[in-house]
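Trainee: Sharing target.txt, compact mmCIF, C-alpha atoms and all ligand atoms:
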```txt
# COMPACT_ATOMS: atom_id res chain seq x y z
CA MET A 1 -51.92 -13.64 -40.61
CA ASN A 2 -49.03 -11.27 -41.29
CA THR A 3 -46.03 -13.35 -40.32
CA PRO A 4 -42.38 -12.44 -40.12
CA SER A 5 -40.03 -15.19 -41.16
CA LEU A 6 -39.30 -17.58 -38.33
CA TYR A 7 -36.87 -20.44 -38.40
CA TRP A 8 -38.13 -23.67 -36.82
CA ASP A 9 -36.29 -26.70 -35.44
CA ILE A 10 -38.48 -29.70 -34.67
CA PHE A 11 -37.03 -32.63 -32.73
CA CYS A 12 -38.59 -36.06 -32.90
CA THR A 13 -37.68 -39.35 -31.27
CA VAL A 14 -39.42 -42.34 -32.77
CA VAL A 15 -40.57 -44.22 -29.68
CA ASP A 16 -42.33 -46.93 -31.64
CA ASN A 17 -44.59 -47.25 -34.67
CA HIS A 18 -45.19 -44.12 -36.73
CA GLY A 19 -47.30 -41.71 -34.71
CA ASP A 20 -44.49 -39.54 -33.37
CA ILE A 21 -42.79 -39.05 -36.70
CA GLY A 22 -46.22 -38.91 -38.38
CA VAL A 23 -47.25 -35.86 -36.35
CA ALA A 24 -43.82 -34.19 -36.57
CA TRP A 25 -43.70 -34.66 -40.35
CA ARG A 26 -47.22 -33.36 -40.87
CA LEU A 27 -46.53 -30.29 -38.77
CA ALA A 28 -43.17 -29.60 -40.46
CA ARG A 29 -44.76 -29.83 -43.91
CA GLN A 30 -47.58 -27.52 -42.97
CA LEU A 31 -45.25 -24.87 -41.51
CA ALA A 32 -43.16 -24.93 -44.68
CA ARG A 33 -46.00 -25.13 -47.16
CA GLU A 34 -48.62 -22.83 -45.68
CA TYR A 35 -46.42 -20.26 -43.98
CA GLY A 36 -43.24 -20.51 -46.03
CA PHE A 37 -41.13 -20.92 -42.90
CA PRO A 38 -37.72 -22.55 -43.06
CA VAL A 39 -38.12 -25.77 -41.07
CA ARG A 40 -35.57 -28.32 -39.97
CA LEU A 41 -36.86 -31.67 -38.74
CA TRP A 42 -34.46 -33.73 -36.61
CA ALA A 43 -35.50 -37.38 -36.53
CA ASP A 44 -33.63 -40.21 -34.85
CA ASP A 45 -35.03 -43.01 -37.03
CA LEU A 46 -35.06 -42.31 -40.74
CA SER A 47 -36.09 -45.87 -41.61
CA ALA A 48 -39.38 -45.47 -39.76
CA PHE A 49 -39.72 -42.06 -41.39
CA GLN A 50 -39.13 -43.57 -44.85
CA ARG A 51 -42.12 -45.85 -44.36
CA ILE A 52 -44.48 -42.88 -44.38
CA CYS A 53 -42.37 -40.77 -46.74
CA PRO A 54 -40.64 -42.88 -49.41
CA GLU A 55 -38.53 -39.92 -50.62
CA ILE A 56 -36.47 -40.14 -47.42
CA SER A 57 -33.13 -41.84 -47.76
CA PRO A 58 -32.05 -43.31 -44.40
CA ALA A 59 -28.43 -43.16 -45.53
CA ARG A 60 -28.39 -39.38 -45.88
CA SER A 61 -27.83 -37.30 -42.79
CA VAL A 62 -29.10 -34.11 -44.45
CA GLN A 63 -31.77 -33.95 -47.13
CA CYS A 64 -34.60 -31.73 -48.24
CA VAL A 65 -38.07 -33.15 -48.88
CA MET A 66 -41.12 -31.01 -49.62
CA ASN A 67 -39.24 -27.90 -48.57
CA VAL A 68 -38.41 -29.33 -45.17
CA GLU A 69 -34.79 -29.87 -44.26
CA ILE A 70 -34.52 -33.31 -42.73
CA ARG A 71 -31.61 -34.06 -40.43
CA MET A 72 -30.60 -37.40 -39.04
CA TRP A 73 -30.53 -36.93 -35.28
CA ASP A 74 -27.69 -39.16 -34.24
CA LYS A 75 -27.99 -39.34 -30.49
CA ASN A 76 -24.60 -41.01 -30.15
CA SER A 77 -22.90 -37.97 -31.50
CA ALA A 78 -24.93 -35.53 -29.44
CA GLY A 79 -23.25 -32.19 -29.44
CA THR A 80 -21.58 -32.68 -32.77
CA CYS A 81 -24.59 -33.39 -34.91
CA PHE A 82 -25.55 -29.73 -35.10
CA PRO A 83 -24.13 -27.46 -37.73
CA LEU A 84 -21.40 -26.05 -35.54
CA GLY A 85 -21.47 -22.32 -35.24
CA ALA A 86 -25.00 -22.14 -36.66
CA PRO A 87 -27.41 -20.44 -34.27
CA PRO A 88 -30.44 -22.34 -33.02
CA ALA A 89 -33.75 -21.60 -34.68
CA ASN A 90 -36.16 -18.92 -33.43
CA ILE A 91 -38.55 -21.64 -32.40
CA VAL A 92 -37.69 -25.06 -31.12
CA ILE A 93 -40.27 -27.79 -30.76
CA GLU A 94 -39.50 -30.90 -28.78
CA THR A 95 -42.21 -33.37 -29.69
CA PHE A 96 -43.75 -35.78 -27.20
CA GLY A 97 -41.34 -35.27 -24.34
CA CYS A 98 -38.14 -35.79 -26.33
CA ARG A 99 -35.20 -33.61 -25.32
CA ALA A 100 -33.00 -31.63 -27.69
CA PRO A 101 -29.32 -32.35 -26.93
CA ASP A 102 -27.74 -30.31 -24.15
CA SER A 103 -25.39 -28.58 -26.56
CA TYR A 104 -28.41 -27.29 -28.43
CA SER A 105 -30.22 -26.15 -25.26
CA ARG A 106 -27.11 -24.31 -24.13
CA ALA A 107 -26.87 -22.57 -27.49
CA MET A 108 -30.53 -21.65 -27.17
CA ALA A 109 -29.97 -20.01 -23.83
CA SER A 110 -27.12 -17.88 -25.13
CA VAL A 111 -28.84 -16.28 -28.12
CA SER A 112 -30.77 -13.05 -28.14
CA PRO A 113 -33.67 -12.66 -28.66
CA GLN A 114 -34.31 -15.87 -26.82
CA THR A 115 -35.45 -18.92 -28.70
CA ILE A 116 -39.07 -19.85 -28.08
CA TRP A 117 -39.01 -23.30 -26.63
CA ILE A 118 -42.03 -25.54 -26.96
CA ASN A 119 -42.80 -28.97 -25.67
CA LEU A 120 -45.50 -30.38 -27.92
CA ASP A 121 -47.41 -33.03 -26.03
CA TYR A 122 -49.65 -35.96 -26.95
CA LEU A 123 -53.28 -35.47 -27.87
CA SER A 124 -55.76 -35.93 -25.07
CA ALA A 125 -59.35 -34.87 -24.45
CA GLU A 126 -58.89 -34.91 -20.68
CA ALA A 127 -60.04 -31.75 -18.89
CA TRP A 128 -56.65 -30.99 -17.24
CA VAL A 129 -55.16 -30.34 -20.69
CA GLU A 130 -56.98 -27.02 -20.91
CA THR A 131 -55.38 -25.79 -17.70
CA CYS A 132 -51.85 -26.84 -18.67
CA HIS A 133 -51.93 -25.69 -22.28
CA MET A 134 -49.34 -22.92 -22.92
CA LEU A 135 -48.04 -22.96 -19.33
CA PRO A 136 -44.37 -22.06 -18.99
CA SER A 137 -42.04 -24.27 -17.03
CA PRO A 138 -38.60 -23.07 -15.95
CA HIS A 139 -35.63 -25.09 -17.15
CA PRO A 140 -33.83 -26.78 -14.21
CA ARG A 141 -30.44 -25.33 -15.22
CA LEU A 142 -30.86 -22.74 -17.93
CA PRO A 143 -32.34 -19.26 -17.63
CA GLN A 144 -35.14 -20.10 -19.98
CA ALA A 145 -38.74 -21.25 -19.87
CA GLU A 146 -40.28 -23.90 -22.02
CA TYR A 147 -43.94 -23.84 -22.89
CA PHE A 148 -46.21 -26.83 -22.86
CA PHE A 149 -48.38 -27.00 -25.91
CA PHE A 150 -51.29 -29.42 -26.00
CA PRO A 151 -53.24 -30.46 -29.05
CA GLY A 152 -56.89 -30.97 -28.24
CA PHE A 153 -60.54 -30.85 -29.13
CA THR A 154 -61.58 -27.58 -27.50
CA GLU A 155 -60.80 -23.92 -28.00
CA LYS A 156 -58.78 -23.79 -24.82
CA THR A 157 -56.27 -26.24 -26.31
CA GLY A 158 -53.93 -26.05 -29.30
CA GLY A 159 -56.40 -27.78 -31.64
CA LEU A 160 -55.68 -30.51 -34.17
CA LEU A 161 -53.43 -30.67 -37.19
CA ARG A 162 -55.55 -29.72 -40.17
CA GLU A 163 -54.09 -28.52 -43.44
CA ARG A 164 -55.57 -25.71 -45.47
CA GLY A 165 -57.75 -26.98 -48.31
CA LEU A 166 -58.30 -30.33 -46.67
CA GLU A 167 -62.04 -30.31 -47.32
CA LYS A 168 -61.67 -29.38 -50.97
CA ASP A 169 -59.00 -32.04 -51.49
CA ALA A 170 -61.33 -34.65 -49.99
CA ARG A 171 -64.27 -33.48 -52.10
CA ASP A 172 -62.21 -33.49 -55.29
CA PHE A 173 -60.98 -36.99 -54.55
CA LEU A 174 -64.43 -38.34 -53.70
CA ASN A 175 -65.91 -36.79 -56.84
CA SER A 176 -63.34 -38.45 -59.06
CA PRO A 177 -64.07 -42.11 -59.88
CA GLU A 178 -60.80 -42.10 -61.89
CA ARG A 179 -58.69 -41.11 -58.91
CA LYS A 180 -60.38 -43.68 -56.71
CA ALA A 181 -59.85 -46.38 -59.36
CA ILE A 182 -56.18 -45.39 -59.67
CA LEU A 183 -55.72 -45.66 -55.92
CA TRP A 184 -57.32 -49.11 -55.83
CA LYS A 185 -55.10 -50.17 -58.70
CA THR A 186 -51.99 -48.79 -57.02
CA LEU A 187 -52.90 -50.74 -53.90
CA GLY A 188 -53.16 -53.84 -56.07
CA PHE A 189 -56.93 -54.40 -55.94
CA THR A 190 -59.95 -53.99 -58.16
CA VAL A 191 -62.56 -51.36 -57.40
CA PRO A 192 -65.02 -52.99 -54.97
CA ALA A 193 -68.29 -54.18 -56.47
CA GLN A 194 -71.36 -51.99 -56.07
CA GLY A 195 -72.92 -52.39 -52.62
CA THR A 196 -69.69 -53.52 -50.96
CA GLN A 197 -68.91 -51.87 -47.64
CA THR A 198 -65.22 -51.17 -47.23
CA PHE A 199 -63.52 -50.85 -43.93
CA PHE A 200 -60.01 -49.99 -42.92
CA LEU A 201 -58.40 -52.00 -40.15
CA PHE A 202 -55.42 -50.36 -38.44
CA ALA A 203 -55.08 -51.59 -34.88
CA TYR A 204 -52.58 -52.51 -32.18
CA GLU A 205 -52.16 -56.15 -31.26
CA ASN A 206 -55.81 -56.87 -30.69
CA THR A 207 -57.43 -60.18 -29.82
CA ALA A 208 -60.82 -58.82 -30.88
CA ILE A 209 -59.84 -58.93 -34.56
CA PRO A 210 -60.74 -62.58 -35.34
CA GLY A 211 -64.20 -62.08 -33.80
CA LEU A 212 -64.81 -58.98 -35.89
CA LEU A 213 -63.74 -60.77 -39.07
CA ASP A 214 -65.95 -63.78 -38.30
CA PHE A 215 -68.86 -61.46 -37.69
CA LEU A 216 -68.37 -59.62 -40.97
CA ALA A 217 -67.85 -62.85 -42.91
CA ALA A 218 -71.18 -64.14 -41.65
CA GLY A 219 -73.10 -60.94 -42.45
CA ASP A 220 -75.62 -60.32 -45.23
CA ALA A 221 -73.71 -57.67 -47.14
CA PRO A 222 -70.38 -57.97 -48.96
CA VAL A 223 -67.58 -56.37 -47.00
CA ARG A 224 -64.04 -55.56 -47.99
CA CYS A 225 -61.44 -55.04 -45.31
CA LEU A 226 -58.23 -53.15 -46.06
CA VAL A 227 -55.39 -54.13 -43.76
CA PRO A 228 -52.14 -52.14 -43.73
CA PRO A 229 -48.95 -53.98 -42.77
CA CYS A 230 -48.86 -54.35 -39.01
CA GLU A 231 -46.29 -56.57 -37.30
CA SER A 232 -48.23 -56.76 -34.07
CA ASN A 233 -51.21 -58.39 -35.73
CA GLU A 234 -49.34 -60.60 -38.13
CA LYS A 235 -49.81 -63.65 -35.93
CA ILE A 236 -53.54 -63.08 -35.81
CA PHE A 237 -53.82 -62.77 -39.56
CA ARG A 238 -51.62 -65.80 -40.08
CA SER A 239 -53.83 -67.80 -37.76
CA ILE A 240 -56.77 -67.09 -40.02
CA ALA A 241 -54.87 -68.60 -42.92
CA LEU A 242 -53.28 -65.59 -44.46
CA SER A 243 -51.77 -66.43 -47.80
CA GLY A 244 -51.21 -64.06 -50.65
CA LYS A 245 -52.67 -60.59 -50.89
CA THR A 246 -56.33 -61.37 -50.41
CA LEU A 247 -58.41 -63.86 -48.56
CA SER A 248 -62.13 -64.40 -48.97
CA ARG A 249 -64.35 -65.88 -46.35
CA GLY A 250 -68.13 -65.76 -46.49
CA ARG A 251 -69.10 -62.19 -47.37
CA LEU A 252 -65.72 -60.87 -46.33
CA GLU A 253 -62.79 -60.11 -48.57
CA LEU A 254 -59.59 -59.30 -46.71
CA CYS A 255 -57.12 -57.18 -48.66
CA PHE A 256 -53.61 -56.92 -47.26
CA LEU A 257 -51.56 -53.89 -48.22
CA THR A 258 -47.96 -54.85 -48.84
CA ALA A 259 -46.57 -51.47 -47.77
CA PHE A 260 -47.64 -48.25 -46.12
CA VAL A 261 -48.95 -45.63 -48.52
CA PRO A 262 -47.08 -42.30 -48.26
CA GLN A 263 -48.57 -40.12 -45.56
CA THR A 264 -49.62 -37.61 -48.22
CA GLU A 265 -51.99 -40.30 -49.56
CA PHE A 266 -53.18 -41.61 -46.24
CA ASP A 267 -56.33 -39.46 -46.26
CA ALA A 268 -57.34 -40.96 -49.62
CA LEU A 269 -56.94 -44.43 -48.14
CA LEU A 270 -59.42 -43.50 -45.44
CA LEU A 271 -61.78 -41.87 -47.92
CA ILE A 272 -62.16 -45.03 -50.01
CA SER A 273 -63.34 -46.77 -46.85
CA ASP A 274 -66.82 -46.53 -45.35
CA PHE A 275 -65.88 -47.08 -41.75
CA LEU A 276 -62.58 -46.99 -40.02
CA PHE A 277 -60.70 -48.84 -37.34
CA ILE A 278 -57.79 -46.56 -36.51
CA ARG A 279 -55.33 -46.13 -33.69
CA GLY A 280 -52.77 -43.95 -31.91
CA GLU A 281 -52.94 -40.26 -32.65
CA ASP A 282 -52.48 -39.22 -36.24
CA SER A 283 -54.70 -41.81 -37.93
CA PHE A 284 -57.27 -41.13 -35.20
CA VAL A 285 -57.34 -37.43 -36.11
CA ARG A 286 -57.39 -38.13 -39.84
CA SER A 287 -60.39 -40.45 -39.43
CA GLN A 288 -62.27 -37.48 -37.98
CA TRP A 289 -61.39 -35.29 -40.95
CA ALA A 290 -62.47 -38.16 -43.24
CA GLU A 291 -65.92 -37.80 -41.68
CA ARG A 292 -66.42 -41.54 -41.32
CA PRO A 293 -67.70 -43.60 -38.40
CA PHE A 294 -64.62 -44.92 -36.62
CA VAL A 295 -63.47 -47.11 -33.78
CA TRP A 296 -60.34 -45.92 -32.02
CA ASN A 297 -57.73 -48.34 -30.72
CA ILE A 298 -56.06 -46.04 -28.20
CA TYR A 299 -52.32 -46.44 -27.53
CA PRO A 300 -52.14 -48.76 -24.51
CA GLN A 301 -50.50 -47.30 -21.41
CA GLU A 302 -49.37 -48.77 -18.14
CA ARG A 303 -51.96 -49.39 -15.46
CA ARG A 304 -54.72 -48.87 -18.02
CA ALA A 305 -54.25 -45.09 -17.91
CA HIS A 306 -55.45 -44.95 -21.50
CA PHE A 307 -59.00 -45.85 -20.50
CA SER A 308 -59.56 -42.48 -18.82
CA LYS A 309 -58.23 -40.82 -21.97
CA LEU A 310 -60.62 -42.90 -24.03
CA ASP A 311 -63.57 -41.99 -21.80
CA ALA A 312 -62.65 -38.30 -21.90
CA PHE A 313 -62.73 -38.36 -25.68
CA LEU A 314 -65.96 -40.35 -25.85
CA ASP A 315 -67.63 -37.92 -23.44
CA LEU A 316 -66.97 -35.11 -25.91
CA TYR A 317 -67.63 -37.12 -29.03
CA CYS A 318 -70.91 -38.59 -27.85
CA GLU A 319 -72.33 -35.36 -26.43
CA ASN A 320 -74.76 -34.77 -29.30
CA LEU A 321 -75.48 -38.38 -30.13
CA SER A 322 -78.75 -40.14 -29.33
CA HIS A 323 -78.69 -42.21 -26.16
CA GLU A 324 -78.77 -45.39 -28.21
CA ALA A 325 -75.89 -44.43 -30.52
CA SER A 326 -73.81 -43.09 -27.64
CA LYS A 327 -74.28 -46.36 -25.75
CA ALA A 328 -73.31 -48.37 -28.82
CA VAL A 329 -70.19 -46.28 -29.53
CA ARG A 330 -69.02 -46.45 -25.91
CA ALA A 331 -69.62 -50.18 -25.59
CA PHE A 332 -67.87 -51.02 -28.85
CA HIS A 333 -64.87 -48.86 -27.94
CA GLN A 334 -64.59 -50.39 -24.50
CA GLU A 335 -64.64 -53.93 -25.85
CA TRP A 336 -62.33 -53.21 -28.79
CA ASN A 337 -59.77 -51.65 -26.47
CA LYS A 338 -59.98 -54.58 -24.08
CA GLY A 339 -59.35 -56.98 -26.96
CA PHE A 340 -62.81 -58.46 -26.60
CA PHE A 341 -65.39 -58.91 -29.34
CA SER A 342 -69.08 -59.55 -28.89
CA PRO A 343 -71.35 -59.87 -31.94
CA GLU A 344 -74.20 -58.13 -30.07
CA THR A 345 -72.15 -55.01 -29.35
CA CYS A 346 -70.89 -54.87 -32.92
CA ALA A 347 -74.41 -55.36 -34.28
CA ASP A 348 -75.68 -52.51 -32.07
CA TRP A 349 -72.89 -50.27 -33.36
CA MET A 350 -73.65 -51.22 -36.97
CA ALA A 351 -77.32 -50.53 -36.48
CA CYS A 352 -76.33 -46.96 -35.57
CA LEU A 353 -74.11 -46.43 -38.64
CA PRO A 354 -76.62 -44.17 -40.45
CA ASP A 355 -76.69 -41.86 -37.40
CA LEU A 356 -72.95 -42.14 -36.97
CA ARG A 357 -72.34 -41.05 -40.55
CA VAL A 358 -74.32 -37.87 -40.00
CA HIS A 359 -72.62 -37.36 -36.66
CA ALA A 360 -69.16 -37.76 -38.21
CA LYS A 361 -69.87 -34.80 -40.50
CA ASN A 362 -71.28 -32.65 -37.71
CA TRP A 363 -68.36 -33.49 -35.44
CA ALA A 364 -65.82 -32.49 -38.09
CA GLU A 365 -67.73 -29.23 -38.70
CA HIS A 366 -67.66 -28.54 -34.99
CA LEU A 367 -63.90 -29.18 -34.76
CA LYS A 368 -63.17 -26.99 -37.76
CA LYS A 369 -64.42 -23.96 -35.82
CA GLN A 370 -61.27 -23.98 -33.73
CA ASP A 371 -57.82 -22.96 -34.95
CA ASP A 372 -55.77 -25.84 -36.25
CA LEU A 373 -52.69 -26.85 -34.28
CA CYS A 374 -50.20 -25.35 -36.71
CA ARG A 375 -51.97 -22.00 -36.72
CA SER A 376 -52.26 -22.02 -32.91
CA LEU A 377 -48.52 -22.64 -32.65
CA VAL A 378 -47.68 -19.85 -35.08
CA LYS A 379 -50.00 -17.42 -33.27
CA PHE A 380 -48.56 -18.36 -29.91
CA CYS A 381 -44.97 -17.95 -31.07
CA LEU A 382 -45.69 -14.58 -32.65
CA SER A 383 -47.20 -13.44 -29.36
CA LYS A 384 -43.98 -14.38 -27.57
CA LEU A 385 -41.58 -12.62 -29.94
O1 LIG A 401 -48.31 -45.75 -35.55
P1 LIG A 401 -49.14 -45.36 -34.40
O2 LIG A 401 -49.53 -46.43 -33.51
O3 LIG A 401 -48.38 -44.26 -33.61
C1 LIG A 401 -48.24 -43.89 -32.30
C2 LIG A 401 -46.96 -44.35 -31.73
O4 LIG A 401 -47.09 -45.68 -31.33
C3 LIG A 401 -46.58 -43.50 -30.58
O5 LIG A 401 -45.49 -44.00 -29.86
C4 LIG A 401 -47.77 -43.25 -29.71
O6 LIG A 401 -47.40 -42.44 -28.71
C5 LIG A 401 -48.85 -42.63 -30.52
O7 LIG A 401 -49.24 -43.54 -31.53
C6 LIG A 401 -50.04 -42.22 -29.72
O8 LIG A 401 -50.49 -44.64 -34.91
P2 LIG A 401 -50.75 -43.21 -35.57
O9 LIG A 401 -50.61 -42.14 -34.55
O10 LIG A 401 -52.02 -43.30 -36.24
O11 LIG A 401 -49.60 -43.02 -36.62
C7 LIG A 401 -49.53 -43.72 -37.84
C8 LIG A 401 -48.91 -42.82 -38.88
O12 LIG A 401 -48.60 -43.58 -40.03
C9 LIG A 401 -49.84 -41.72 -39.33
O13 LIG A 401 -49.13 -40.53 -39.54
C10 LIG A 401 -50.38 -42.21 -40.65
C11 LIG A 401 -49.20 -42.98 -41.16
N1 LIG A 401 -49.52 -44.00 -42.15
C12 LIG A 401 -49.14 -43.79 -43.48
O14 LIG A 401 -48.61 -42.72 -43.80
N2 LIG A 401 -49.43 -44.75 -44.39
C13 LIG A 401 -50.05 -45.92 -44.07
O15 LIG A 401 -50.29 -46.77 -44.96
C14 LIG A 401 -50.43 -46.12 -42.71
C15 LIG A 401 -51.14 -47.38 -42.32
C16 LIG A 401 -50.14 -45.14 -41.78
```
Output the file's structure in the form of structure tokens.
Mentor:
Amino acid sequence: MNTPSLYWDIFCTVVDNHGDIGVAWRLARQLAREYGFPVRLWADDLSAFQRICPEISPARSVQCVMNVEIRMWDKNSAGTCFPLGAPPANIVIETFGCRAPDSYSRAMASVSPQTIWINLDYLSAEAWVETCHMLPSPHPRLPQAEYFFFPGFTEKTGGLLRERGLEKDARDFLNSPERKAILWKTLGFTVPAQGTQTFFLFAYENTAIPGLLDFLAAGDAPVRCLVPPCESNEKIFRSIALSGKTLSRGRLELCFLTAFVPQTEFDALLLISDFLFIRGEDSFVRSQWAERPFVWNIYPQERRAHFSKLDAFLDLYCENLSHEASKAVRAFHQEWNKGFFSPETCADWMACLPDLRVHAKNWAEHLKKQDDLCRSLVKFCLSKL
């Protein structure tokens, strides 16, 4: 793509956890690294940001990390936090419904050519997304339209974040026993013994967890479970006698990570695992690029709205699966997201793991045929210049 230089401002409010900043940070890095664009990322919670990017200093209101200019977005000083006199960027992205300050929007409306204004929404596989993707919406007060941009799983959506060279990076990592051993060591654990199945457990507060752990502990094969720090499940882990960094029970070895790994190493964390329990948005997408069987803990919404989102995704994901595997995947997801664990459902899912491994590769291949989200955004913006 022959691209003129475009200046980007990305705004991000950390609602909770790390998904919002996780997506904004990934996108900002990709725009800077793959397209060479100047990018400014405005984030209102640098401490949450620091958890996934240790180079960030929460005390600094302006800093540059990986060629992205990071700005503390101090909402209390709205209107004064912007470099006064500096024009807004060519492209402004408000992530997940957050609103750039009024002073910024006003400045946007007064520049020529007009700033391209994008509202980047949450990921959903629901059918309505295709009809709303890229639709303009007039601003209630300003003479300017904003465009809705939807990530998604089909060609009529904006696609998924996927960096260039992702596949090669994964292959290189998987082909390097040294790099895997170094990662295990950095995490504070030995390399798992031959024949051990490793799984990654990243979930919301979920009452199904003890059942899953009991089930794995009572199984025939040795299993290692990697658990990242997660406040919402701390009580659950404490109730199963958490002490120290590891806990062994039956065939299960629980390994607690003491801190988040930097987001740039998150993919490797998934790749050392054989199957994945992930959640939210970004780890959910990364589990698909890791080409591993996964179980998605979807972000819970009011009035159980998330269940239709879950079904919409599973309808797409299960399309080319055998009837048996599709049934097992759907049942396990339903129960996991209701906080309910039944050994029969889990056993059915596990019996399908060989098929699910093949499917995970095919699914990733299928998704890679569409433009990635960053590229779709760049193409769209160029078309609007
Ligand atoms: O943290 P999440 O639950 O994020 C969200 C938010 O809750 C948000 O409000 C909600 O709307 C959204 O989900 C759907 O899960 P997610 O999306 O997987 O984000 C986690 C991020 O943290 C992701 O970018 C990966 C990163 N991460 C690390 O970098 N290192 C780690 O060790 C871990 C465990 C995660």
Trainee: Enumerate residues in contact with ligand LIG 401 (chain A): an atom-to-atom distance of at most 9 Å, counting only C-alpha atoms and all ligand atoms. Format the result as number ranges by chain.
Mentor: A: 14-26, 51-53, 96, 122-123, 201-204, 227-230, 257, 259-267, 269, 278-286, 297-300
Trainee: Keeping C-alpha atoms, export the residues of the selection given above as a JSON list (two decimals), in the frame of the given file.
Mentor:
```json
[["chain", "number", "residue", "atom", "x", "y", "z"],
["A", 14, "VAL", "CA", -39.42, -42.34, -32.77],
["A", 15, "VAL", "CA", -40.57, -44.22, -29.68],
["A", 16, "ASP", "CA", -42.33, -46.93, -31.64],
["A", 17, "ASN", "CA", -44.59, -47.25, -34.67],
["A", 18, "HIS", "CA", -45.19, -44.12, -36.73],
["A", 19, "GLY", "CA", -47.30, -41.71, -34.71],
["A", 20, "ASP", "CA", -44.49, -39.54, -33.37],
["A", 21, "ILE", "CA", -42.79, -39.05, -36.70],
["A", 22, "GLY", "CA", -46.22, -38.91, -38.38],
["A", 23, "VAL", "CA", -47.25, -35.86, -36.35],
["A", 24, "ALA", "CA", -43.82, -34.19, -36.57],
["A", 25, "TRP", "CA", -43.70, -34.66, -40.35],
["A", 26, "ARG", "CA", -47.22, -33.36, -40.87],
["A", 51, "ARG", "CA", -42.12, -45.85, -44.36],
["A", 52, "ILE", "CA", -44.48, -42.88, -44.38],
["A", 53, "CYS", "CA", -42.37, -40.77, -46.74],
["A", 96, "PHE", "CA", -43.75, -35.78, -27.20],
["A", 122, "TYR", "CA", -49.65, -35.96, -26.95],
["A", 123, "LEU", "CA", -53.28, -35.47, -27.87],
["A", 201, "LEU", "CA", -58.40, -52.00, -40.15],
["A", 202, "PHE", "CA", -55.42, -50.36, -38.44],
["A", 203, "ALA", "CA", -55.08, -51.59, -34.88],
["A", 204, "TYR", "CA", -52.58, -52.51, -32.18],
["A", 227, "VAL", "CA", -55.39, -54.13, -43.76],
["A", 228, "PRO", "CA", -52.14, -52.14, -43.73],
["A", 229, "PRO", "CA", -48.95, -53.98, -42.77],
["A", 230, "CYS", "CA", -48.86, -54.35, -39.01],
["A", 257, "LEU", "CA", -51.56, -53.89, -48.22],
["A", 259, "ALA", "CA", -46.57, -51.47, -47.77],
["A", 260, "PHE", "CA", -47.64, -48.25, -46.12],
["A", 261, "VAL", "CA", -48.95, -45.63, -48.52],
["A", 262, "PRO", "CA", -47.08, -42.30, -48.26],
["A", 263, "GLN", "CA", -48.57, -40.12, -45.56],
["A", 264, "THR", "CA", -49.62, -37.61, -48.22],
["A", 265, "GLU", "CA", -51.99, -40.30, -49.56],
["A", 266, "PHE", "CA", -53.18, -41.61, -46.24],
["A", 267, "ASP", "CA", -56.33, -39.46, -46.26],
["A", 269, "LEU", "CA", -56.94, -44.43, -48.14],
["A", 278, "ILE", "CA", -57.79, -46.56, -36.51],
["A", 279, "ARG", "CA", -55.33, -46.13, -33.69],
["A", 280, "GLY", "CA", -52.77, -43.95, -31.91],
["A", 281, "GLU", "CA", -52.94, -40.26, -32.65],
["A", 282, "ASP", "CA", -52.48, -39.22, -36.24],
["A", 283, "SER", "CA", -54.70, -41.81, -37.93],
["A", 284, "PHE", "CA", -57.27, -41.13, -35.20],
["A", 285, "VAL", "CA", -57.34, -37.43, -36.11],
["A", 286, "ARG", "CA", -57.39, -38.13, -39.84],
["A", 297, "ASN", "CA", -57.73, -48.34, -30.72],
["A", 298, "ILE", "CA", -56.06, -46.04, -28.20],
["A", 299, "TYR", "CA", -52.32, -46.44, -27.53],
["A", 300, "PRO", "CA", -52.14, -48.76, -24.51]]
```
Trainee: Figure out the distance between CA of Leu271 (chain A) and CA of Gln197 (chain A), please, to one decimal in Å.
Mentor: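 Between CA of Gln197 (chain A) and CA of Leu271 (chain A) the gap is 12.3 Å.
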Trainee: Within 7 Å of Ile116 (chain A), counting all atoms listed in the file, which residues show up once you throw out same-chain ones fewer than 2 positions away? Write them as a PyMOL selection string, please.
Mentor: chain A and resi 90-92+114+118+381
Trainee: Store the residues picked out above in a file with C-alpha atoms, as a PDB file, in the frame of the given file.
Mentor:
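result04.pdb written:
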```pdb
ATOM      1  CA  ASN A  90     -36.160 -18.920 -33.430  1.00  0.00           C
ATOM      2  CA  ILE A  91     -38.550 -21.640 -32.400  1.00  0.00           C
ATOM      3  CA  VAL A  92     -37.690 -25.060 -31.120  1.00  0.00           C
ATOM      4  CA  GLN A 114     -34.310 -15.870 -26.820  1.00  0.00           C
ATOM      5  CA  ILE A 118     -42.030 -25.540 -26.960  1.00  0.00           C
ATOM      6  CA  CYS A 381     -44.970 -17.950 -31.070  1.00  0.00           C
TER       7      CYS A 381
END
```
Trainee: Can you measure CA of Asp9 (chain A) to CA of Trp42 (chain A) for me? One decimal in Å is fine.
Mentor: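 Atom-to-atom, CA of Asp9 (chain A) to CA of Trp42 (chain A), that is 7.4 Å.
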Trainee: My list of candidates is A:Thr196, A:Thr207, A:Ser383, A:Ser308. Which is closest to Asp220 (chain A) when distances are computed with all atoms listed in the file?
Mentor: A:Thr196
Trainee: I'd like the contact shell of Leu27 (chain A) - 9 Å cut-off, all atoms listed in the file, skipping same-chain residues fewer than 6 positions apart - returned as a list in words.
Mentor: Leu161, Leu373 and Cys374 of chain A
Trainee: Here is a test: counting all atoms listed in the file, which residue of A:Ala100, A:Leu160, A:Leu310, A:Ile70 is nearest to Ala125 (chain A)?
Mentor: A:Leu310
Trainee: When you look at Gly195 (chain A) with a cut-off of 12 Å (counting only C-alpha atoms), what residues show up, excluding the ones that are within fewer than 2 positions of it in the same chain? I need them as a list in words.
Mentor: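 My reading of the contact set: Val191, Pro192, Ala193, Gln197, Thr198, Asp220, Ala221, Pro222, Val223, Arg224, Arg251 and Asp274 of chain A.
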